[in-house]
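Chemist: Input target.cif, format and content: mmCIF, N, CA and C atoms; chains and numbers go by the auth columns.
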data_target
#
loop_
_atom_site.group_PDB
_atom_site.id
_atom_site.type_symbol
_atom_site.label_atom_id
_atom_site.label_comp_id
_atom_site.label_asym_id
_atom_site.label_seq_id
_atom_site.Cartn_x
_atom_site.Cartn_y
_atom_site.Cartn_z
_atom_site.B_iso_or_equiv
_atom_site.auth_seq_id
_atom_site.auth_asym_id
ATOM 1 N N MET A 1 -61.997 29.599 -35.950 0.00 24 O
ATOM 2 C CA MET A 1 -61.811 28.246 -35.512 0.00 24 O
ATOM 3 C C MET A 1 -60.735 27.591 -36.382 0.00 24 O
ATOM 4 N N LEU A 2 -59.845 26.825 -35.728 0.00 25 O
ATOM 5 C CA LEU A 2 -58.768 26.167 -36.453 0.00 25 O
ATOM 6 C C LEU A 2 -59.225 24.840 -37.009 0.00 25 O
ATOM 7 N N THR A 3 -58.774 24.532 -38.188 0.00 26 O
ATOM 8 C CA THR A 3 -59.036 23.223 -38.775 0.00 26 O
ATOM 9 C C THR A 3 -57.751 22.419 -38.752 0.00 26 O
ATOM 10 N N GLY A 4 -57.826 21.176 -39.152 0.00 27 O
ATOM 11 C CA GLY A 4 -56.642 20.321 -39.189 0.00 27 O
ATOM 12 C C GLY A 4 -55.541 20.916 -40.049 0.00 27 O
ATOM 13 N N ASN A 5 -55.913 21.567 -41.151 0.00 28 O
ATOM 14 C CA ASN A 5 -54.914 22.161 -42.039 0.00 28 O
ATOM 15 C C ASN A 5 -54.215 23.335 -41.377 0.00 28 O
ATOM 16 N N ASP A 6 -54.973 24.126 -40.625 0.00 29 O
ATOM 17 C CA ASP A 6 -54.367 25.281 -39.952 0.00 29 O
ATOM 18 C C ASP A 6 -53.378 24.836 -38.889 0.00 29 O
ATOM 19 N N GLU A 7 -53.720 23.803 -38.148 0.00 30 O
ATOM 20 C CA GLU A 7 -52.823 23.312 -37.107 0.00 30 O
ATOM 21 C C GLU A 7 -51.533 22.785 -37.716 0.00 30 O
ATOM 22 N N GLY A 8 -51.633 22.086 -38.829 0.00 31 O
ATOM 23 C CA GLY A 8 -50.442 21.574 -39.504 0.00 31 O
ATOM 24 C C GLY A 8 -49.551 22.698 -39.986 0.00 31 O
ATOM 25 N N ALA A 9 -50.163 23.813 -40.405 0.00 32 O
ATOM 26 C CA ALA A 9 -49.381 24.955 -40.864 0.00 32 O
ATOM 27 C C ALA A 9 -48.586 25.556 -39.718 0.00 32 O
ATOM 28 N N VAL A 10 -49.178 25.582 -38.526 0.00 33 O
ATOM 29 C CA VAL A 10 -48.473 26.128 -37.369 0.00 33 O
ATOM 30 C C VAL A 10 -47.284 25.253 -37.015 0.00 33 O
ATOM 31 N N VAL A 11 -47.492 23.955 -36.993 0.00 34 O
ATOM 32 C CA VAL A 11 -46.423 23.031 -36.634 0.00 34 O
ATOM 33 C C VAL A 11 -45.303 23.088 -37.663 0.00 34 O
ATOM 34 N N SER A 12 -45.644 23.052 -38.949 0.00 35 O
ATOM 35 C CA SER A 12 -44.605 23.077 -39.969 0.00 35 O
ATOM 36 C C SER A 12 -43.891 24.424 -39.976 0.00 35 O
ATOM 37 N N GLY A 13 -44.610 25.512 -39.649 0.00 36 O
ATOM 38 C CA GLY A 13 -43.963 26.821 -39.559 0.00 36 O
ATOM 39 C C GLY A 13 -42.947 26.867 -38.436 0.00 36 O
ATOM 40 N N ALA A 14 -43.299 26.253 -37.303 0.00 37 O
ATOM 41 C CA ALA A 14 -42.358 26.198 -36.182 0.00 37 O
ATOM 42 C C ALA A 14 -41.159 25.349 -36.551 0.00 37 O
ATOM 43 N N GLY A 15 -41.397 24.255 -37.279 0.00 38 O
ATOM 44 C CA GLY A 15 -40.299 23.400 -37.710 0.00 38 O
ATOM 45 C C GLY A 15 -39.349 24.138 -38.638 0.00 38 O
ATOM 46 N N ARG A 16 -39.907 24.921 -39.557 0.00 39 O
ATOM 47 C CA ARG A 16 -39.056 25.695 -40.467 0.00 39 O
ATOM 48 C C ARG A 16 -38.281 26.745 -39.700 0.00 39 O
ATOM 49 N N SER A 17 -38.913 27.354 -38.709 0.00 40 O
ATOM 50 C CA SER A 17 -38.232 28.368 -37.924 0.00 40 O
ATOM 51 C C SER A 17 -37.065 27.753 -37.166 0.00 40 O
ATOM 52 N N ARG A 18 -37.286 26.593 -36.581 0.00 41 O
ATOM 53 C CA ARG A 18 -36.213 25.909 -35.853 0.00 41 O
ATOM 54 C C ARG A 18 -35.087 25.536 -36.799 0.00 41 O
ATOM 55 N N LEU A 19 -35.448 24.995 -37.963 0.00 42 O
ATOM 56 C CA LEU A 19 -34.440 24.597 -38.934 0.00 42 O
ATOM 57 C C LEU A 19 -33.638 25.801 -39.407 0.00 42 O
ATOM 58 N N ALA A 20 -34.318 26.910 -39.621 0.00 43 O
ATOM 59 C CA ALA A 20 -33.613 28.125 -40.037 0.00 43 O
ATOM 60 C C ALA A 20 -32.662 28.604 -38.950 0.00 43 O
ATOM 61 N N ARG A 21 -33.078 28.504 -37.695 0.00 44 O
ATOM 62 C CA ARG A 21 -32.201 28.921 -36.598 0.00 44 O
ATOM 63 C C ARG A 21 -31.013 27.985 -36.444 0.00 44 O
ATOM 64 N N VAL A 22 -31.241 26.680 -36.628 0.00 45 O
ATOM 65 C CA VAL A 22 -30.140 25.719 -36.535 0.00 45 O
ATOM 66 C C VAL A 22 -29.122 25.982 -37.643 0.00 45 O
ATOM 67 N N ARG A 23 -29.589 26.384 -38.792 0.00 46 O
ATOM 68 C CA ARG A 23 -28.685 26.650 -39.915 0.00 46 O
ATOM 69 C C ARG A 23 -28.024 28.019 -39.845 0.00 46 O
ATOM 70 N N SER A 24 -28.405 28.835 -38.874 0.00 47 O
ATOM 71 C CA SER A 24 -27.798 30.165 -38.782 0.00 47 O
ATOM 72 C C SER A 24 -26.349 30.050 -38.325 0.00 47 O
ATOM 73 N N ILE A 25 -25.513 30.919 -38.829 0.00 48 O
ATOM 74 C CA ILE A 25 -24.084 30.887 -38.510 0.00 48 O
ATOM 75 C C ILE A 25 -23.843 31.142 -37.028 0.00 48 O
ATOM 76 N N GLU A 26 -24.684 31.949 -36.402 0.00 49 O
ATOM 77 C CA GLU A 26 -24.517 32.239 -34.980 0.00 49 O
ATOM 78 C C GLU A 26 -24.732 30.987 -34.136 0.00 49 O
ATOM 79 N N TRP A 27 -25.833 30.272 -34.404 0.00 50 O
ATOM 80 C CA TRP A 27 -26.132 29.072 -33.623 0.00 50 O
ATOM 81 C C TRP A 27 -25.097 27.989 -33.879 0.00 50 O
ATOM 82 N N LEU A 28 -24.750 27.787 -35.144 0.00 51 O
ATOM 83 C CA LEU A 28 -23.756 26.769 -35.479 0.00 51 O
ATOM 84 C C LEU A 28 -22.405 27.082 -34.843 0.00 51 O
ATOM 85 N N GLY A 29 -21.998 28.346 -34.880 0.00 52 O
ATOM 86 C CA GLY A 29 -20.724 28.735 -34.300 0.00 52 O
ATOM 87 C C GLY A 29 -20.688 28.533 -32.796 0.00 52 O
ATOM 88 N N GLN A 30 -21.738 28.952 -32.114 0.00 53 O
ATOM 89 C CA GLN A 30 -21.779 28.794 -30.668 0.00 53 O
ATOM 90 C C GLN A 30 -21.837 27.326 -30.257 0.00 53 O
ATOM 91 N N THR A 31 -22.592 26.542 -30.992 0.00 54 O
ATOM 92 C CA THR A 31 -22.695 25.125 -30.670 0.00 54 O
ATOM 93 C C THR A 31 -21.371 24.419 -30.928 0.00 54 O
ATOM 94 N N ALA A 32 -20.730 24.717 -32.046 0.00 55 O
ATOM 95 C CA ALA A 32 -19.425 24.118 -32.343 0.00 55 O
ATOM 96 C C ALA A 32 -18.398 24.516 -31.287 0.00 55 O
ATOM 97 N N ALA A 33 -18.417 25.777 -30.870 0.00 56 O
ATOM 98 C CA ALA A 33 -17.462 26.235 -29.856 0.00 56 O
ATOM 99 C C ALA A 33 -17.676 25.515 -28.529 0.00 56 O
ATOM 100 N N SER A 34 -18.923 25.342 -28.125 0.00 57 O
ATOM 101 C CA SER A 34 -19.179 24.667 -26.849 0.00 57 O
ATOM 102 C C SER A 34 -18.806 23.186 -26.917 0.00 57 O
ATOM 103 N N VAL A 35 -19.061 22.546 -28.048 0.00 58 O
ATOM 104 C CA VAL A 35 -18.699 21.135 -28.196 0.00 58 O
ATOM 105 C C VAL A 35 -17.171 20.982 -28.194 0.00 58 O
ATOM 106 N N CYS A 36 -16.460 21.886 -28.868 0.00 59 O
ATOM 107 C CA CYS A 36 -14.996 21.840 -28.869 0.00 59 O
ATOM 108 C C CYS A 36 -14.441 22.089 -27.466 0.00 59 O
ATOM 109 N N TRP A 37 -15.058 22.994 -26.744 0.00 60 O
ATOM 110 C CA TRP A 37 -14.625 23.286 -25.373 0.00 60 O
ATOM 111 C C TRP A 37 -14.795 22.045 -24.496 0.00 60 O
ATOM 112 N N ILE A 38 -15.937 21.386 -24.610 0.00 61 O
ATOM 113 C CA ILE A 38 -16.172 20.161 -23.849 0.00 61 O
ATOM 114 C C ILE A 38 -15.156 19.094 -24.257 0.00 61 O
ATOM 115 N N GLY A 39 -14.946 18.954 -25.551 0.00 62 O
ATOM 116 C CA GLY A 39 -13.994 17.957 -26.036 0.00 62 O
ATOM 117 C C GLY A 39 -12.584 18.203 -25.538 0.00 62 O
ATOM 118 N N SER A 40 -12.170 19.465 -25.519 0.00 63 O
ATOM 119 C CA SER A 40 -10.818 19.765 -25.044 0.00 63 O
ATOM 120 C C SER A 40 -10.682 19.490 -23.550 0.00 63 O
ATOM 121 N N MET A 41 -11.735 19.758 -22.803 0.00 64 O
ATOM 122 C CA MET A 41 -11.688 19.469 -21.369 0.00 64 O
ATOM 123 C C MET A 41 -11.556 17.970 -21.125 0.00 64 O
ATOM 124 N N LEU A 42 -12.272 17.187 -21.901 0.00 65 O
ATOM 125 C CA LEU A 42 -12.208 15.734 -21.733 0.00 65 O
ATOM 126 C C LEU A 42 -10.878 15.176 -22.245 0.00 65 O
ATOM 127 N N ALA A 43 -10.347 15.754 -23.317 0.00 66 O
ATOM 128 C CA ALA A 43 -9.090 15.272 -23.888 0.00 66 O
ATOM 129 C C ALA A 43 -7.899 15.558 -22.973 0.00 66 O
ATOM 130 N N TYR A 44 -7.879 16.740 -22.367 0.00 67 O
ATOM 131 C CA TYR A 44 -6.748 17.122 -21.519 0.00 67 O
ATOM 132 C C TYR A 44 -6.908 16.663 -20.068 0.00 67 O
ATOM 133 N N GLY A 45 -8.073 16.224 -19.724 0.00 68 O
ATOM 134 C CA GLY A 45 -8.302 15.708 -18.381 0.00 68 O
ATOM 135 C C GLY A 45 -8.824 16.763 -17.426 0.00 68 O
ATOM 136 N N ILE A 46 -9.495 16.272 -16.418 0.00 69 O
ATOM 137 C CA ILE A 46 -10.074 17.137 -15.397 0.00 69 O
ATOM 138 C C ILE A 46 -9.325 16.851 -14.106 0.00 69 O
ATOM 139 N N ARG A 47 -8.497 17.817 -13.709 0.00 70 O
ATOM 140 C CA ARG A 47 -7.616 17.601 -12.571 0.00 70 O
ATOM 141 C C ARG A 47 -7.886 18.526 -11.390 0.00 70 O
ATOM 142 N N SER A 48 -8.638 19.576 -11.615 0.00 71 O
ATOM 143 C CA SER A 48 -8.857 20.536 -10.534 0.00 71 O
ATOM 144 C C SER A 48 -10.305 21.013 -10.547 0.00 71 O
ATOM 145 N N SER A 49 -10.647 21.771 -9.514 0.00 72 O
ATOM 146 C CA SER A 49 -12.018 22.298 -9.448 0.00 72 O
ATOM 147 C C SER A 49 -12.268 23.300 -10.582 0.00 72 O
ATOM 148 N N GLY A 50 -11.232 24.002 -11.004 0.00 73 O
ATOM 149 C CA GLY A 50 -11.383 24.924 -12.133 0.00 73 O
ATOM 150 C C GLY A 50 -11.720 24.196 -13.424 0.00 73 O
ATOM 151 N N ASP A 51 -11.161 23.013 -13.600 0.00 74 O
ATOM 152 C CA ASP A 51 -11.486 22.196 -14.779 0.00 74 O
ATOM 153 C C ASP A 51 -12.952 21.784 -14.761 0.00 74 O
ATOM 154 N N TRP A 52 -13.446 21.410 -13.583 0.00 75 O
ATOM 155 C CA TRP A 52 -14.861 21.052 -13.461 0.00 75 O
ATOM 156 C C TRP A 52 -15.751 22.245 -13.779 0.00 75 O
ATOM 157 N N LEU A 53 -15.356 23.411 -13.297 0.00 76 O
ATOM 158 C CA LEU A 53 -16.149 24.611 -13.578 0.00 76 O
ATOM 159 C C LEU A 53 -16.191 24.902 -15.077 0.00 76 O
ATOM 160 N N GLN A 54 -15.054 24.728 -15.753 0.00 77 O
ATOM 161 C CA GLN A 54 -15.037 24.941 -17.198 0.00 77 O
ATOM 162 C C GLN A 54 -15.928 23.935 -17.919 0.00 77 O
ATOM 163 N N LEU A 55 -15.889 22.690 -17.480 0.00 78 O
ATOM 164 C CA LEU A 55 -16.735 21.673 -18.090 0.00 78 O
ATOM 165 C C LEU A 55 -18.218 21.991 -17.876 0.00 78 O
ATOM 166 N N PHE A 56 -18.573 22.425 -16.677 0.00 79 O
ATOM 167 C CA PHE A 56 -19.966 22.807 -16.408 0.00 79 O
ATOM 168 C C PHE A 56 -20.381 24.024 -17.238 0.00 79 O
ATOM 169 N N ALA A 57 -19.483 24.987 -17.391 0.00 80 O
ATOM 170 C CA ALA A 57 -19.792 26.180 -18.187 0.00 80 O
ATOM 171 C C ALA A 57 -20.024 25.810 -19.652 0.00 80 O
ATOM 172 N N ALA A 58 -19.144 24.989 -20.201 0.00 81 O
ATOM 173 C CA ALA A 58 -19.293 24.566 -21.594 0.00 81 O
ATOM 174 C C ALA A 58 -20.564 23.752 -21.785 0.00 81 O
ATOM 175 N N SER A 59 -20.869 22.893 -20.826 0.00 82 O
ATOM 176 C CA SER A 59 -22.079 22.083 -20.912 0.00 82 O
ATOM 177 C C SER A 59 -23.333 22.939 -20.809 0.00 82 O
ATOM 178 N N ALA A 60 -23.309 23.945 -19.948 0.00 83 O
ATOM 179 C CA ALA A 60 -24.451 24.855 -19.813 0.00 83 O
ATOM 180 C C ALA A 60 -24.667 25.644 -21.096 0.00 83 O
ATOM 181 N N TRP A 61 -23.575 26.070 -21.716 0.00 84 O
ATOM 182 C CA TRP A 61 -23.652 26.804 -22.981 0.00 84 O
ATOM 183 C C TRP A 61 -24.283 25.932 -24.062 0.00 84 O
ATOM 184 N N LEU A 62 -23.847 24.677 -24.166 0.00 85 O
ATOM 185 C CA LEU A 62 -24.420 23.758 -25.147 0.00 85 O
ATOM 186 C C LEU A 62 -25.894 23.501 -24.848 0.00 85 O
ATOM 187 N N LEU A 63 -26.221 23.277 -23.595 0.00 86 O
ATOM 188 C CA LEU A 63 -27.608 23.042 -23.208 0.00 86 O
ATOM 189 C C LEU A 63 -28.489 24.255 -23.540 0.00 86 O
ATOM 190 N N ALA A 64 -27.979 25.451 -23.299 0.00 87 O
ATOM 191 C CA ALA A 64 -28.734 26.667 -23.622 0.00 87 O
ATOM 192 C C ALA A 64 -28.999 26.768 -25.117 0.00 87 O
ATOM 193 N N ASN A 65 -28.036 26.393 -25.938 0.00 88 O
ATOM 194 C CA ASN A 65 -28.237 26.414 -27.390 0.00 88 O
ATOM 195 C C ASN A 65 -29.294 25.405 -27.812 0.00 88 O
ATOM 196 N N ILE A 66 -29.268 24.234 -27.213 0.00 89 O
ATOM 197 C CA ILE A 66 -30.248 23.208 -27.552 0.00 89 O
ATOM 198 C C ILE A 66 -31.651 23.627 -27.116 0.00 89 O
ATOM 199 N N VAL A 67 -31.770 24.180 -25.927 0.00 90 O
ATOM 200 C CA VAL A 67 -33.060 24.632 -25.413 0.00 90 O
ATOM 201 C C VAL A 67 -33.602 25.785 -26.265 0.00 90 O
ATOM 202 N N ALA A 68 -32.718 26.656 -26.715 0.00 91 O
ATOM 203 C CA ALA A 68 -33.160 27.785 -27.548 0.00 91 O
ATOM 204 C C ALA A 68 -33.825 27.286 -28.837 0.00 91 O
ATOM 205 N N ILE A 69 -33.325 26.214 -29.383 0.00 92 O
ATOM 206 C CA ILE A 69 -33.932 25.649 -30.590 0.00 92 O
ATOM 207 C C ILE A 69 -35.215 24.889 -30.237 0.00 92 O
ATOM 208 N N ALA A 70 -35.173 24.146 -29.155 0.00 93 O
ATOM 209 C CA ALA A 70 -36.339 23.343 -28.777 0.00 93 O
ATOM 210 C C ALA A 70 -37.537 24.204 -28.419 0.00 93 O
ATOM 211 N N THR A 71 -37.311 25.397 -27.897 0.00 94 O
ATOM 212 C CA THR A 71 -38.416 26.261 -27.502 0.00 94 O
ATOM 213 C C THR A 71 -38.704 27.361 -28.511 0.00 94 O
ATOM 214 N N ALA A 72 -38.046 27.317 -29.655 0.00 95 O
ATOM 215 C CA ALA A 72 -38.257 28.354 -30.676 0.00 95 O
ATOM 216 C C ALA A 72 -39.685 28.292 -31.206 0.00 95 O
ATOM 217 N N GLU A 73 -40.267 29.448 -31.363 0.00 96 O
ATOM 218 C CA GLU A 73 -41.611 29.529 -31.945 0.00 96 O
ATOM 219 C C GLU A 73 -41.492 30.054 -33.353 0.00 96 O
ATOM 220 N N ALA A 74 -42.512 29.821 -34.131 0.00 97 O
ATOM 221 C CA ALA A 74 -42.524 30.323 -35.510 0.00 97 O
ATOM 222 C C ALA A 74 -42.512 31.834 -35.514 0.00 97 O
ATOM 223 N N ASP A 75 -41.702 32.387 -36.387 0.00 98 O
ATOM 224 C CA ASP A 75 -41.623 33.850 -36.491 0.00 98 O
ATOM 225 C C ASP A 75 -42.761 34.402 -37.303 0.00 98 O
#
Would you mind giving the structure from this file in structure tokens?
Modeler:
Amino acid sequence: MLTGNDEGAVVSGAGRSRLARVRSIEWLGQTAASVCWIGSMLAYGIRSSGDWLQLFAASAWLLANIVAIATAEAD
């Protein structure tokens, strides 16, 4: 049976796992790349359907990185 202390350990463990993943070079690199891609699309303008597709791709990549952290479980 779980007690209040055990439940807190699970939550804090998940928090540490998420924090460790956010600090990983892979996650930081992918997130920075997707944000830069979005920024470049907005800076240079969206003039064609291909530009929209690139913006959607970059946004999906960023969203996937965020969801991966939000749904991370404790290791």
Chemist: Since I can't run it myself right now, could you work out what the PyMOL selection byres (((chain O and resi 52-64 and name CA) around 9) and name CA) selects here and report it as a compact mmCIF listing (two decimals) with N, CA and C atoms, in the frame of the given file?
Modeler:
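Here's the written file out-v9.txt:
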# COMPACT_ATOMS: atom_id res chain seq x y z
N SER O 47 -28.40 28.84 -38.87
CA SER O 47 -27.80 30.16 -38.78
C SER O 47 -26.35 30.05 -38.33
N ILE O 48 -25.51 30.92 -38.83
CA ILE O 48 -24.08 30.89 -38.51
C ILE O 48 -23.84 31.14 -37.03
N GLU O 49 -24.68 31.95 -36.40
CA GLU O 49 -24.52 32.24 -34.98
C GLU O 49 -24.73 30.99 -34.14
N TRP O 50 -25.83 30.27 -34.40
CA TRP O 50 -26.13 29.07 -33.62
C TRP O 50 -25.10 27.99 -33.88
N LEU O 51 -24.75 27.79 -35.14
CA LEU O 51 -23.76 26.77 -35.48
C LEU O 51 -22.40 27.08 -34.84
N LEU O 65 -12.27 17.19 -21.90
CA LEU O 65 -12.21 15.73 -21.73
C LEU O 65 -10.88 15.18 -22.24
N ALA O 66 -10.35 15.75 -23.32
CA ALA O 66 -9.09 15.27 -23.89
C ALA O 66 -7.90 15.56 -22.97
N TYR O 67 -7.88 16.74 -22.37
CA TYR O 67 -6.75 17.12 -21.52
C TYR O 67 -6.91 16.66 -20.07
N GLY O 68 -8.07 16.22 -19.72
CA GLY O 68 -8.30 15.71 -18.38
C GLY O 68 -8.82 16.76 -17.43
N ILE O 69 -9.49 16.27 -16.42
CA ILE O 69 -10.07 17.14 -15.40
C ILE O 69 -9.32 16.85 -14.11
N ASP O 74 -11.16 23.01 -13.60
CA ASP O 74 -11.49 22.20 -14.78
C ASP O 74 -12.95 21.78 -14.76
N TRP O 75 -13.45 21.41 -13.58
CA TRP O 75 -14.86 21.05 -13.46
C TRP O 75 -15.75 22.24 -13.78
N GLN O 77 -15.05 24.73 -15.75
CA GLN O 77 -15.04 24.94 -17.20
C GLN O 77 -15.93 23.94 -17.92
N LEU O 78 -15.89 22.69 -17.48
CA LEU O 78 -16.74 21.67 -18.09
C LEU O 78 -18.22 21.99 -17.88
N PHE O 79 -18.57 22.42 -16.68
CA PHE O 79 -19.97 22.81 -16.41
C PHE O 79 -20.38 24.02 -17.24
N ALA O 80 -19.48 24.99 -17.39
CA ALA O 80 -19.79 26.18 -18.19
C ALA O 80 -20.02 25.81 -19.65
N ALA O 81 -19.14 24.99 -20.20
CA ALA O 81 -19.29 24.57 -21.59
C ALA O 81 -20.56 23.75 -21.78
N SER O 82 -20.87 22.89 -20.83
CA SER O 82 -22.08 22.08 -20.91
C SER O 82 -23.33 22.94 -20.81
N ALA O 83 -23.31 23.94 -19.95
CA ALA O 83 -24.45 24.86 -19.81
C ALA O 83 -24.67 25.64 -21.10
N TRP O 84 -23.58 26.07 -21.72
CA TRP O 84 -23.65 26.80 -22.98
C TRP O 84 -24.28 25.93 -24.06
N LEU O 85 -23.85 24.68 -24.17
CA LEU O 85 -24.42 23.76 -25.15
C LEU O 85 -25.89 23.50 -24.85
N ASN O 88 -28.04 26.39 -25.94
CA ASN O 88 -28.24 26.41 -27.39
C ASN O 88 -29.29 25.40 -27.81
N ILE O 89 -29.27 24.23 -27.21
CA ILE O 89 -30.25 23.21 -27.55
C ILE O 89 -31.65 23.63 -27.12
Chemist: Could the centre and edge lengths of an axis-aligned box, enclosing all atoms of segment 70-77 of chain O in the file with 3 Å extra on each side, be given in Å to one decimal as JSON?
Modeler:
{"center_x": -11.9, "center_y": 21.3, "center_z": -13.7, "size_x": 14.6, "size_y": 13.3, "size_z": 14.5}
Chemist: Mind pulling up the distance from atom C of Ala87 of chain O to atom CA of Arg41 of chain O?
Modeler: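 Atom CA of Arg41 of chain O sits 13.0 Å away from atom C of Ala87 of chain O.
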Chemist: Any idea what the distance is between atom C of Leu86 of chain O and atom C of Ser72 of chain O?
Modeler: 20.8 Å
Chemist: Quick check, in Å to one decimal: how far apart do atom CA of Ala93 of chain O and atom CA of Ser40 of chain O lie?
Modeler: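 Computed distance, atom CA of Ala93 of chain O to atom CA of Ser40 of chain O, equals 10.6 Å.
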